[in-house]
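**Q** What follows is coords.txt, made up of compact mmCIF, C-alpha atoms:
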# COMPACT_ATOMS: atom_id res chain seq x y z
CA MET O 1 39.68 4.54 2.47
CA ALA O 2 38.53 6.72 -0.43
CA LYS O 3 35.18 8.41 -0.06
CA LYS O 4 32.37 6.49 -1.78
CA ARG O 5 30.01 8.30 -4.14
CA ILE O 6 26.42 7.35 -3.31
CA ILE O 7 23.54 8.25 -5.62
CA ILE O 8 19.89 7.70 -4.70
CA LEU O 9 17.34 7.20 -7.46
CA GLY O 10 13.93 8.54 -6.44
CA ALA O 11 12.79 10.99 -3.76
CA GLY O 12 9.77 9.10 -2.52
CA LEU O 13 9.56 8.12 1.12
CA ALA O 14 12.18 5.36 0.74
CA GLY O 15 14.76 7.52 -1.03
CA LEU O 16 14.22 10.43 1.35
CA SER O 17 14.60 8.16 4.38
CA ALA O 18 17.82 6.65 3.01
CA ALA O 19 19.22 10.12 2.27
CA TRP O 20 18.17 11.52 5.66
CA HIS O 21 19.77 8.64 7.54
CA LEU O 22 22.94 8.75 5.43
CA GLN O 23 23.38 12.44 6.07
CA ARG O 24 22.72 11.95 9.77
CA ARG O 25 25.69 9.57 9.69
CA GLY O 26 27.80 12.28 8.08
CA LEU O 27 27.76 10.65 4.63
CA ASP O 28 27.13 12.65 1.48
CA CYS O 29 24.79 11.48 -1.25
CA LEU O 30 23.07 12.79 -4.37
CA ILE O 31 19.36 12.19 -4.83
CA PHE O 32 17.62 12.45 -8.20
CA GLU O 33 13.84 12.62 -8.64
CA LYS O 34 12.16 12.63 -12.07
CA GLU O 35 9.05 14.50 -10.87
CA SER O 36 8.90 18.20 -10.09
CA GLU O 37 8.36 17.52 -6.39
CA VAL O 38 9.34 14.96 -3.78
CA GLY O 39 7.11 12.33 -2.22
CA GLY O 40 6.50 9.71 -4.89
CA LEU O 41 3.08 8.23 -4.19
CA CYS O 42 3.02 10.17 -0.90
CA ARG O 43 2.27 13.38 -2.75
CA SER O 44 -0.76 15.61 -2.24
CA LYS O 45 -2.40 18.20 -4.46
CA LYS O 46 -4.85 21.06 -4.01
CA ILE O 47 -7.83 21.29 -6.36
CA GLY O 48 -10.69 23.71 -5.88
CA GLY O 49 -9.93 24.16 -2.19
CA PHE O 50 -9.69 20.39 -1.59
CA THR O 51 -6.48 18.59 -0.65
CA PHE O 52 -6.23 15.15 -2.22
CA ASP O 53 -3.56 12.55 -1.61
CA CYS O 54 -2.39 10.31 -4.42
CA ASP O 55 -4.59 7.47 -3.16
CA GLY O 56 -4.98 6.70 0.56
CA HIS O 57 -1.93 6.88 2.84
CA LEU O 58 -2.03 6.58 6.62
CA LEU O 59 0.68 6.21 9.24
CA HIS O 60 0.74 3.19 11.58
CA PHE O 61 3.50 2.71 14.13
CA LYS O 62 4.86 -0.49 15.64
CA HIS O 63 8.26 0.97 16.52
CA ARG O 64 9.07 3.80 18.89
CA TYR O 65 11.96 4.95 16.71
CA THR O 66 9.73 5.65 13.71
CA PHE O 67 7.09 7.40 15.78
CA ASP O 68 9.68 9.64 17.43
CA LEU O 69 11.23 10.47 14.05
CA VAL O 70 7.91 11.37 12.40
CA LYS O 71 6.80 13.31 15.47
CA SER O 72 10.04 15.30 15.46
CA LEU O 73 9.59 16.10 11.76
CA LEU O 74 5.90 17.06 11.88
CA ARG O 75 5.91 18.43 15.45
CA ASN O 76 2.35 19.47 16.35
CA ASN O 77 1.04 18.70 12.87
CA LEU O 78 0.26 15.05 13.65
CA VAL O 79 -3.03 13.68 15.00
CA LYS O 80 -3.90 10.21 16.30
CA HIS O 81 -7.20 8.61 15.18
CA GLN O 82 -9.05 5.53 16.38
CA ARG O 83 -9.90 3.59 13.27
CA SER O 84 -13.48 3.41 12.03
CA ALA O 85 -13.34 0.82 9.26
CA TRP O 86 -16.31 -1.02 7.74
CA ILE O 87 -17.26 -3.62 5.17
CA TYR O 88 -20.12 -3.30 2.69
CA SER O 89 -21.63 -6.63 1.63
CA TYR O 90 -25.12 -8.02 1.12
CA GLY O 91 -26.46 -4.46 1.17
CA LYS O 92 -25.22 -3.83 4.73
CA PHE O 93 -22.38 -2.04 6.47
CA THR O 94 -20.66 -4.18 9.10
CA ARG O 95 -17.58 -3.44 11.15
CA TYR O 96 -14.07 -4.46 10.11
CA PRO O 97 -12.69 -7.09 10.33
CA PHE O 98 -15.35 -9.28 8.72
CA GLN O 99 -14.28 -12.42 10.62
CA ALA O 100 -14.95 -10.79 14.01
CA ASN O 101 -18.10 -8.87 13.07
CA LEU O 102 -20.70 -11.20 11.61
CA TYR O 103 -23.55 -9.48 13.44
CA GLY O 104 -26.08 -7.96 11.04
CA LEU O 105 -25.28 -10.20 8.06
CA PRO O 106 -27.92 -12.58 6.61
CA LYS O 107 -28.55 -15.54 8.91
CA SER O 108 -27.38 -18.08 6.34
CA VAL O 109 -24.08 -16.23 5.95
CA VAL O 110 -23.58 -15.98 9.71
CA GLN O 111 -24.33 -19.68 10.14
CA ASP O 112 -21.91 -20.81 7.42
CA CYS O 113 -19.13 -18.55 8.73
CA LEU O 114 -19.54 -19.50 12.38
CA LEU O 115 -19.86 -23.25 11.79
CA GLY O 116 -16.90 -23.18 9.40
CA PHE O 117 -14.71 -21.47 11.98
CA ILE O 118 -15.79 -23.83 14.76
CA GLU O 119 -14.91 -26.81 12.54
CA VAL O 120 -11.41 -25.39 11.93
CA TYR O 121 -11.05 -24.58 15.63
CA ASN O 122 -11.98 -28.14 16.63
CA ASN O 123 -9.69 -29.72 14.06
CA GLY O 124 -6.72 -27.58 15.00
CA TYR O 125 -4.47 -25.50 12.77
CA LYS O 126 -2.37 -27.64 10.43
CA LYS O 127 0.10 -26.34 7.89
CA THR O 128 0.17 -28.59 4.84
CA ASN O 129 3.48 -28.38 2.94
CA ASN O 130 5.89 -26.06 1.17
CA ASN O 131 3.31 -25.35 -1.53
CA TYR O 132 1.01 -23.88 1.09
CA SER O 133 -1.12 -21.28 -0.70
CA PHE O 134 -2.82 -18.18 0.62
CA ARG O 135 -6.16 -19.90 -0.01
CA ASP O 136 -5.04 -22.85 2.13
CA TRP O 137 -4.11 -20.43 4.91
CA ILE O 138 -7.48 -18.65 4.69
CA ILE O 139 -9.50 -21.87 4.93
CA GLN O 140 -7.36 -23.44 7.67
CA THR O 141 -7.38 -20.21 9.69
CA PHE O 142 -11.00 -19.07 9.26
CA GLY O 143 -12.96 -21.95 7.72
CA LYS O 144 -14.82 -22.27 4.43
CA GLY O 145 -17.63 -19.86 5.31
CA ILE O 146 -15.49 -16.79 6.01
CA ALA O 147 -13.35 -17.79 3.03
CA ARG O 148 -16.40 -17.93 0.75
CA TYR O 149 -18.15 -14.76 1.87
CA PHE O 150 -15.23 -12.40 2.35
CA MET O 151 -11.62 -13.57 2.30
CA VAL O 152 -11.55 -15.19 -1.14
CA PRO O 153 -13.69 -12.65 -3.05
CA TYR O 154 -12.03 -9.61 -1.45
CA ASN O 155 -8.48 -10.84 -1.95
CA THR O 156 -9.22 -11.99 -5.51
CA LYS O 157 -10.53 -8.50 -6.26
CA PHE O 158 -7.60 -6.78 -4.54
CA TRP O 159 -4.73 -8.92 -5.87
CA THR O 160 -6.47 -9.61 -9.24
CA THR O 161 -5.20 -13.16 -8.72
CA PRO O 162 -6.98 -16.15 -7.13
CA PRO O 163 -5.63 -16.84 -3.60
CA GLU O 164 -4.66 -20.39 -4.56
CA ARG O 165 -2.00 -18.86 -6.84
CA LEU O 166 -0.56 -16.69 -4.06
CA THR O 167 1.88 -17.55 -1.29
CA CYS O 168 1.70 -16.36 2.32
CA GLU O 169 5.00 -14.48 2.28
CA TRP O 170 3.34 -11.06 2.48
CA LEU O 171 1.06 -11.71 5.48
CA ASN O 172 3.27 -10.47 8.35
CA GLY O 173 0.33 -9.73 10.64
CA PHE O 174 -1.68 -7.75 8.08
CA ILE O 175 -4.81 -9.92 8.57
CA PRO O 176 -6.33 -10.04 12.09
CA THR O 177 -6.98 -13.55 13.49
CA PRO O 178 -9.50 -13.29 16.34
CA SER O 179 -10.21 -16.08 18.82
CA LEU O 180 -13.38 -18.20 18.84
CA LYS O 181 -14.65 -16.21 21.83
CA GLU O 182 -14.13 -12.93 19.97
CA ILE O 183 -15.85 -14.24 16.85
CA ILE O 184 -18.88 -15.38 18.88
CA GLU O 185 -19.02 -12.00 20.63
CA GLY O 186 -19.12 -10.28 17.24
CA THR O 187 -21.86 -12.63 16.08
CA ILE O 188 -24.42 -12.09 18.85
CA GLU O 189 -24.03 -8.29 18.95
CA GLU O 190 -22.11 -5.49 17.28
CA SER O 191 -18.57 -5.66 18.64
CA GLN O 192 -16.65 -2.58 19.72
CA ARG O 193 -13.32 -4.44 19.85
CA GLN O 194 -10.44 -3.17 17.73
CA PHE O 195 -8.34 -5.73 15.87
CA GLY O 196 -5.19 -5.60 13.79
CA TYR O 197 -2.07 -3.51 13.36
CA ASN O 198 -4.08 -0.49 12.14
CA ALA O 199 -6.53 -0.13 15.05
CA HIS O 200 -5.12 3.39 15.35
CA PHE O 201 -3.50 5.56 12.74
CA TRP O 202 -1.85 8.95 12.48
CA TYR O 203 -2.32 11.68 9.90
CA PRO O 204 -1.22 15.34 9.52
CA LYS O 205 -3.63 17.87 11.01
CA LYS O 206 -3.02 20.36 8.20
CA GLY O 207 -1.96 19.52 4.68
CA GLY O 208 -2.06 16.05 3.18
CA ILE O 209 0.25 13.09 3.63
CA ASN O 210 2.90 15.00 1.63
CA GLN O 211 3.74 16.91 4.81
CA LEU O 212 5.96 13.99 5.85
CA PRO O 213 8.13 13.77 2.70
CA LEU O 214 8.29 17.57 2.56
CA ALA O 215 9.53 17.65 6.15
CA LEU O 216 12.16 15.00 5.41
CA ALA O 217 13.26 16.79 2.24
CA SER O 218 13.76 20.07 4.10
CA HIS O 219 16.68 18.44 5.95
CA ILE O 220 18.32 16.88 2.89
CA LYS O 221 21.15 18.36 0.82
CA ASN O 222 21.89 17.68 -2.85
CA LEU O 223 18.30 16.82 -3.78
CA HIS O 224 17.47 17.40 -7.46
CA CYS O 225 13.95 17.23 -8.92
CA ASN O 226 13.05 17.15 -12.63
CA CYS O 227 15.98 14.79 -13.14
CA GLU O 228 14.90 11.58 -14.85
CA ILE O 229 17.35 8.69 -15.07
CA ILE O 230 17.30 7.07 -18.50
CA GLU O 231 20.31 4.73 -18.34
CA ILE O 232 22.44 2.82 -15.84
CA ASN O 233 25.81 1.73 -17.20
CA LEU O 234 27.17 -1.11 -15.08
CA ALA O 235 30.54 -1.26 -16.83
CA LYS O 236 31.31 2.45 -16.45
CA LYS O 237 29.43 2.70 -13.13
CA ASP O 238 27.55 5.80 -14.15
CA ILE O 239 24.01 6.95 -14.85
CA ARG O 240 22.71 9.13 -17.67
CA LEU O 241 20.03 11.74 -17.09
CA ALA O 242 17.40 12.86 -19.59
CA SER O 243 19.35 16.12 -19.83
CA GLY O 244 22.32 14.18 -21.24
CA ASP O 245 24.45 14.68 -18.13
CA ARG O 246 26.23 11.67 -16.69
CA GLU O 247 26.99 11.00 -13.03
CA ARG O 248 29.50 8.47 -11.74
CA PHE O 249 28.63 6.28 -8.75
CA ASP O 250 30.26 3.84 -6.42
CA PHE O 251 26.86 2.76 -5.07
CA LEU O 252 23.33 3.29 -6.32
CA ILE O 253 20.39 3.15 -3.94
CA SER O 254 17.43 2.51 -6.22
CA THR O 255 13.80 3.09 -5.23
CA ILE O 256 12.72 2.78 -8.87
CA PRO O 257 10.09 0.02 -9.30
CA LEU O 258 12.00 -3.20 -9.86
CA PRO O 259 10.29 -4.07 -13.21
CA GLU O 260 11.59 -0.76 -14.64
CA ILE O 261 15.25 -1.68 -14.14
CA PRO O 262 15.61 -3.72 -17.38
CA HIS O 263 14.67 -0.59 -19.34
CA LEU O 264 17.57 1.28 -17.74
CA ILE O 265 20.36 -1.31 -17.82
CA LYS O 266 21.00 -1.66 -21.53
CA GLU O 267 23.26 -4.70 -21.58
CA LEU O 268 21.48 -6.85 -19.05
CA PRO O 269 22.46 -10.54 -19.18
CA GLN O 270 19.72 -12.60 -20.81
CA GLU O 271 19.41 -14.91 -17.82
CA THR O 272 18.77 -11.94 -15.51
CA ALA O 273 16.43 -10.24 -18.00
CA SER O 274 14.27 -13.38 -18.04
CA LEU O 275 13.92 -13.18 -14.25
CA PHE O 276 12.43 -9.69 -14.47
CA LYS O 277 9.73 -11.03 -16.79
CA LYS O 278 8.48 -13.23 -13.95
CA LEU O 279 7.61 -10.25 -11.72
CA ARG O 280 3.91 -9.42 -11.52
CA TRP O 281 1.95 -6.65 -9.86
CA ASN O 282 -1.46 -5.07 -9.63
CA SER O 283 -2.20 -1.47 -10.58
CA ILE O 284 -4.52 0.95 -8.81
CA PHE O 285 -6.96 3.30 -10.51
CA ASN O 286 -7.60 5.99 -7.90
CA LEU O 287 -10.48 8.47 -8.22
CA ASN O 288 -10.69 11.32 -5.68
CA LEU O 289 -13.94 13.25 -5.36
CA GLY O 290 -14.74 16.56 -3.69
CA MET O 291 -18.40 16.74 -2.61
CA HIS O 292 -20.76 19.66 -1.99
CA LYS O 293 -22.71 17.67 0.59
CA LYS O 294 -21.30 17.30 4.09
CA ASP O 295 -20.96 13.70 5.20
CA GLY O 296 -21.77 13.43 8.90
CA SER O 297 -20.37 9.94 9.38
CA ARG O 298 -17.10 9.28 11.16
CA ILE O 299 -16.11 6.43 8.86
CA HIS O 300 -12.49 6.36 7.72
CA TRP O 301 -12.70 3.66 5.06
CA VAL O 302 -14.90 0.82 3.76
CA TYR O 303 -13.96 -2.50 2.10
CA PHE O 304 -16.06 -3.92 -0.75
CA PRO O 305 -15.60 -7.68 -1.32
CA GLN O 306 -18.42 -8.44 -3.75
CA LYS O 307 -18.12 -8.63 -7.53
CA ASP O 308 -21.00 -6.25 -8.21
CA THR O 309 -18.86 -3.34 -6.98
CA CYS O 310 -15.85 -2.42 -9.14
CA PHE O 311 -13.75 -0.92 -6.34
CA PHE O 312 -12.23 -2.71 -3.36
CA ARG O 313 -12.01 0.25 -0.97
CA VAL O 314 -13.37 3.75 -0.40
CA GLY O 315 -11.83 6.17 2.11
CA PHE O 316 -12.97 9.54 3.42
CA PHE O 317 -10.33 12.28 3.45
CA HIS O 318 -12.46 14.73 5.45
CA ASN O 319 -12.49 12.29 8.38
CA PHE O 320 -8.68 12.23 8.43
CA SER O 321 -8.59 16.02 8.79
CA SER O 322 -11.24 18.75 8.45
CA TYR O 323 -8.56 20.95 6.86
CA LEU O 324 -8.58 18.77 3.72
CA THR O 325 -11.93 20.20 2.58
CA PRO O 326 -13.27 23.75 2.29
CA GLY O 327 -16.15 24.76 4.58
CA ASP O 328 -18.79 22.12 5.15
CA LYS O 329 -17.85 19.93 2.19
CA SER O 330 -16.55 16.35 2.16
CA SER O 331 -14.17 14.26 0.07
CA LEU O 332 -13.42 10.64 -0.63
CA TYR O 333 -11.04 8.40 -2.53
CA VAL O 334 -11.88 5.24 -4.46
CA GLU O 335 -9.50 2.38 -5.32
CA VAL O 336 -9.97 -0.04 -8.21
CA SER O 337 -7.41 -2.81 -8.66
CA TYR O 338 -6.48 -4.11 -12.11
CA SER O 339 -3.66 -5.94 -13.92
CA LYS O 340 -2.73 -7.44 -17.27
CA GLU O 341 -4.66 -10.57 -16.29
CA LYS O 342 -7.65 -8.56 -15.08
CA PRO O 343 -7.87 -5.28 -17.06
CA ILE O 344 -10.47 -2.54 -16.63
CA ASP O 345 -12.24 -0.41 -19.22
CA LYS O 346 -10.69 2.97 -18.47
CA SER O 347 -13.08 4.74 -20.81
CA ASN O 348 -15.99 3.64 -18.63
CA ILE O 349 -14.52 3.09 -15.17
CA ILE O 350 -15.33 6.53 -13.71
CA LEU O 351 -19.00 6.21 -14.65
CA GLN O 352 -19.01 2.70 -13.19
CA ILE O 353 -17.42 3.94 -9.95
CA LYS O 354 -20.04 6.66 -9.53
CA GLU O 355 -22.90 4.26 -10.17
CA ASN O 356 -21.49 1.83 -7.61
CA LEU O 357 -21.06 4.65 -5.08
CA LYS O 358 -24.73 5.56 -5.53
CA LYS O 359 -25.75 1.94 -5.06
CA ALA O 360 -23.87 1.82 -1.75
CA GLY O 361 -25.44 5.12 -0.64
CA LEU O 362 -22.12 6.99 -0.70
CA LEU O 363 -23.11 9.32 -3.55
CA SER O 364 -26.65 10.63 -3.94
CA LYS O 365 -26.44 12.74 -7.08
CA GLU O 366 -23.84 13.49 -9.75
CA GLY O 367 -24.42 17.20 -9.11
CA HIS O 368 -23.10 16.85 -5.58
CA ILE O 369 -19.56 16.44 -6.97
CA CYS O 370 -17.47 19.65 -6.88
CA CYS O 371 -14.31 18.29 -8.45
CA GLN O 372 -12.46 15.11 -9.19
CA ASP O 373 -8.87 13.96 -9.45
CA ILE O 374 -7.52 10.84 -11.14
CA ASN O 375 -4.33 8.92 -10.31
CA ASP O 376 -3.63 5.86 -12.44
CA ILE O 377 -0.92 4.09 -10.44
CA LYS O 378 0.98 1.56 -12.56
CA TYR O 379 2.68 -0.19 -9.66
CA GLY O 380 0.29 -0.86 -6.81
CA TYR O 381 1.40 -4.02 -4.96
CA PRO O 382 3.87 -6.76 -5.93
CA ILE O 383 1.97 -10.01 -6.50
CA TYR O 384 3.30 -12.86 -4.36
CA ASP O 385 2.81 -15.73 -6.78
CA TYR O 386 5.00 -18.84 -6.91
CA ASN O 387 7.62 -17.16 -9.11
CA TYR O 388 7.95 -14.13 -6.83
CA SER O 389 10.43 -15.29 -4.22
CA SER O 390 13.02 -17.02 -6.39
CA ALA O 391 12.94 -14.40 -9.18
CA ARG O 392 13.23 -11.49 -6.75
CA LYS O 393 16.04 -13.15 -4.80
CA MET O 394 18.17 -13.70 -7.91
CA ILE O 395 17.46 -10.20 -9.26
CA LEU O 396 18.47 -8.53 -6.00
CA LYS O 397 21.61 -10.68 -5.84
CA PHE O 398 22.63 -9.58 -9.35
CA LEU O 399 21.99 -5.91 -8.60
CA THR O 400 23.84 -6.05 -5.27
CA GLN O 401 26.85 -7.60 -7.01
CA ASN O 402 26.83 -4.54 -9.26
CA ASN O 403 26.62 -2.10 -6.31
CA ILE O 404 22.92 -1.35 -6.81
CA ILE O 405 21.04 -1.56 -3.52
CA CYS O 406 17.25 -1.69 -3.76
CA CYS O 407 15.14 0.18 -1.24
CA GLY O 408 11.45 0.62 -0.38
CA ARG O 409 8.21 -1.03 -1.43
CA TYR O 410 8.89 -0.74 -5.15
CA GLY O 411 12.66 -0.83 -5.29
CA PHE O 412 12.93 -3.75 -2.86
CA TRP O 413 9.67 -5.18 -4.26
CA ARG O 414 7.91 -6.05 -1.01
CA TYR O 415 4.55 -5.19 0.54
CA LEU O 416 5.74 -2.54 3.01
CA SER O 417 3.84 0.00 5.12
CA MET O 418 4.97 3.63 5.29
CA GLU O 419 6.70 2.86 8.58
CA ASP O 420 8.40 -0.18 7.03
CA VAL O 421 9.66 2.00 4.17
CA ILE O 422 11.16 4.57 6.56
CA LEU O 423 12.89 1.80 8.51
CA HIS O 424 14.16 0.18 5.33
CA GLY O 425 15.78 3.48 4.33
CA LYS O 426 17.46 3.55 7.74
CA GLU O 427 18.64 -0.04 7.35
CA ILE O 428 20.13 0.65 3.92
CA ALA O 429 21.94 3.75 5.25
CA SER O 430 23.44 1.70 8.09
CA LYS O 431 25.29 -0.48 5.56
CA PHE O 432 27.60 2.43 4.76
CA SER O 433 30.40 3.61 7.02
Hey, can you dump this file as structure tokens for me?

**A**
Amino acid sequence: MAKKRIIILGAGLAGLSAAWHLQRRGLDCLIFEKESEVGGLCRSKKIGGFTFDCDGHLLHFKHRYTFDLVKSLLRNNLVKHQRSAWIYSYGKFTRYPFQANLYGLPKSVVQDCLLGFIEVYNNGYKKTNNNYSFRDWIIQTFGKGIARYFMVPYNTKFWTTPPERLTCEWLNGFIPTPSLKEIIEGTIEESQRQFGYNAHFWYPKKGGINQLPLALASHIKNLHCNCEIIEINLAKKDIRLASGDRERFDFLISTIPLPEIPHLIKELPQETASLFKKLRWNSIFNLNLGMHKKDGSRIHWVYFPQKDTCFFRVGFFHNFSSYLTPGDKSSLYVEVSYSKEKPIDKSNIILQIKENLKKAGLLSKEGHICCQDINDIKYGYPIYDYNYSSARKMILKFLTQNNIICCGRYGFWRYLSMEDVILHGKEIASKFS
């Protein structure tokens, strides 16, 4: 059999994993990255002595294979942390997850949440029908109180879409579901229990999250940065670079965000082009701040469900690794979700973020800020509305028929963790022999 020419579009974590696993199997590939460095959204940058990631990225492991791979790549530069995650609502910090840590909230909130859960518990869990929405799942899993005070407002803020317009396809264990006993325990006193897939996480000791893609890239041949793809020709089975060069392919592995594909395939059938228009997503405005003042807390991140705060999450880089900040300083990242349906005023958002940080007690004075870094991330998370599944399925079928294999969170258009992305690259590589 003639040797197949495989080209990978994008050197983020998905593309690097696919290339690494292909080459481990003795298969050659070319990988093109439009940026000047590898990593995609898993890039880091140094500003004024601070190391900032492009938004928050942490490693969670469910599979021994992935842990062993990452450990072999980073060697001693990998540290395990026990999560310290919190929620800020009603002027108080309570432990994550909300549904298992009602202690400390206003009595009326605690009462509504507890009675709502007990009612659901007594009635039993009942799935309704094929049009089962995420909101239905929330109420039938946690009751109306927890839905009202956290689940609905937080997820509406995060997804920029009401939960009744979302499906449950993305859940996959991301939301902890404690028992009645565990909820009562977390109501009468502050619980020390850890819940969920991210009860522990891993992060590089030195350097930012980019240490992982850099380590992968160091083992990969034929990797070319500053090479933007501007056209995919399905008839000729070649791609055109911004430089004007053309490269022939037998197979493309694409990690390019799925909604970008119609801009690259010039003669896309109208029926397929209309499917792409059904894809929706949220975007993330990420502000990173370096602070003069040392933060003595051990908090890793905080969720913000209420409308009076513009961001949905704040994380603290210096608690991932002391090497991310110079001397006795601290640093944090802020995430604001927005979309076409729920835009933000970008001319005012940074001022709004800082005012909201002050209100929550996370920023005392403007003068305490050493430096800041902005990352406006167009593609944050695919939105799982009722068009998502059918449109995505037909798009991927069309691309596969044309020897384009989609990979990773954005290429494959699924809510995937960093571990999931690495494993997806491995799975894609295994299809070739």

**Q** Write out as a tab-separated table (two decimals) with C-alpha atoms, in the coordinates of the input the residues lying within 12 Å of Leu399 in chain O, counting only C-alpha atoms and excluding same-chain residues fewer than 3 positions away.

**A**
chain	number	residue	atom	x	y	z
O	232	ILE	CA	22.44	2.82	-15.84
O	234	LEU	CA	27.17	-1.11	-15.08
O	251	PHE	CA	26.86	2.76	-5.07
O	252	LEU	CA	23.33	3.29	-6.32
O	253	ILE	CA	20.39	3.15	-3.94
O	254	SER	CA	17.43	2.51	-6.22
O	258	LEU	CA	12.00	-3.20	-9.86
O	261	ILE	CA	15.25	-1.68	-14.14
O	262	PRO	CA	15.61	-3.72	-17.38
O	265	ILE	CA	20.36	-1.31	-17.82
O	268	LEU	CA	21.48	-6.85	-19.05
O	269	PRO	CA	22.46	-10.54	-19.18
O	272	THR	CA	18.77	-11.94	-15.51
O	273	ALA	CA	16.43	-10.24	-18.00
O	276	PHE	CA	12.43	-9.69	-14.47
O	392	ARG	CA	13.23	-11.49	-6.75
O	393	LYS	CA	16.04	-13.15	-4.80
O	394	MET	CA	18.17	-13.70	-7.91
O	395	ILE	CA	17.46	-10.20	-9.26
O	396	LEU	CA	18.47	-8.53	-6.00
O	402	ASN	CA	26.83	-4.54	-9.26
O	403	ASN	CA	26.62	-2.10	-6.31
O	404	ILE	CA	22.92	-1.35	-6.81
O	405	ILE	CA	21.04	-1.56	-3.52
O	406	CYS	CA	17.25	-1.69	-3.76
O	407	CYS	CA	15.14	0.18	-1.24
O	411	GLY	CA	12.66	-0.83	-5.29
O	412	PHE	CA	12.93	-3.75	-2.86

**Q** Quick one: everything within 10 Å of Tyr203 in chain O, counting only C-alpha atoms, minus sequence neighbours fewer than 3 positions away in the same chain. Send it as a ChimeraX atom specification.

**A** /O:57-60,77-81,206-209,211-212,320-321

**Q** Counting all atoms listed in the file, which residue out of O:Pro257, O:Lys329, O:Cys310, O:Leu324 sits closest to Lys354 in chain O?

**A**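 Among the listed residues, the smallest separation from Lys354 in chain O belongs to O:Cys310.
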
**Q** Please measure the separation of CA of Glu260 in chain O and CA of Leu216 in chain O, giving the value in Å to one decimal.

**A**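 CA of Glu260 in chain O sits 25.5 Å away from CA of Leu216 in chain O.
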
**Q** Considering all atoms listed in the file, can you say which of O:Glu169, O:Gly116, O:Phe195, O:Asn356 comes closest to Arg414 in chain O?

**A**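 For Arg414 in chain O, the nearest of the given residues is O:Glu169.
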
**Q** Which is closest to Ile31 in chain O among O:Glu267, O:Glu419, O:Glu247, O:Asp376, if we use all atoms listed in the file?

**A**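 Among O:Glu267, O:Glu419, O:Glu247, O:Asp376, it is O:Glu247 that comes nearest to Ile31 in chain O.
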
**Q** As lines of an AutoDock Vina configuration file, what would the box around range 296-305 of chain O look like: edges along x, y and z, 8 Å added on every side, centre and edge lengths in Å to one decimal?

**A**
center_x = -17.1
center_y = 2.9
center_z = 4.9
size_x = 25.3
size_y = 37.1
size_z = 28.5

**Q** Which of these, O:Arg5, O:Ser331, O:Pro382, O:Phe304, has the shortest distance to Leu22 in chain O once you count only C-alpha atoms?

**A**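 Ranking O:Arg5, O:Ser331, O:Pro382, O:Phe304 by distance to Leu22 in chain O, first place goes to O:Arg5.
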
**Q** Which is closer to Lys181 in chain O than all the others in O:Ser72, O:Ser283, O:Ser274, O:Gln99, using all atoms listed in the file?

**A**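 Residue with the minimum atom-to-atom distance to Lys181 in chain O: O:Gln99.
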
**Q** Mind pulling up the distance from CA of Ile422 in chain O to CA of Leu9 in chain O?

**A**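 CA of Ile422 in chain O lies at a distance of 15.5 Å from CA of Leu9 in chain O.
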
**Q** Any idea what the distance is between CA of Trp413 in chain O and CA of Tyr381 in chain O?

**A**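 These two atoms are separated by 8.4 Å.
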
**Q** Can you pull out every residue within 10 Å of Lys293 in chain O, counting all atoms listed in the file, but drop anything in the same chain fewer than 5 positions away, and send it as a list of chain:residue names?

**A**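 After dropping sequence-adjacent residues, the list is O:Asp328, O:Lys329, O:Ser330, O:Ser331, O:Leu363, O:Ser364, O:Lys365, O:Gly367, O:His368, O:Ile369, O:Cys370.
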
**Q** Report as a list in words all protein, DNA and RNA residues lying within 10 Å of Arg25 in chain O, evaluated on only C-alpha atoms, omitting residues in the same chain fewer than 3 positions from it.

**A** Ala19, Trp20, His21, Leu22, Asp28, Ala429, Ser430, Phe432 and Ser433 of chain O

**Q** With 10 Å as the threshold, what does the neighbourhood of (-22.5, -17.9, 11.6) contain in terms of residues, counting only C-alpha atoms? Coordinates are those of the file; answer as a PyMOL selection string.

**A** chain O and resi 99+102-103+105-118+145-146+183-184+187-188

**Q** Check the smallest atom-to-atom distance from each of O:Phe61, O:Tyr384, O:Tyr410, O:Phe312 to Glu164 in chain O using all atoms listed in the file, then report the winner.

**A**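 Of the candidates, the smallest distance to Glu164 in chain O is held by O:Tyr384.
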
**Q** Do you know which residues are at most 7 Å from Arg83 in chain O counting all atoms listed in the file, after dropping those on the same chain fewer than 5 positions away, and could you put them as a PyMOL selection string?

**A** chain O and resi 199-201+300
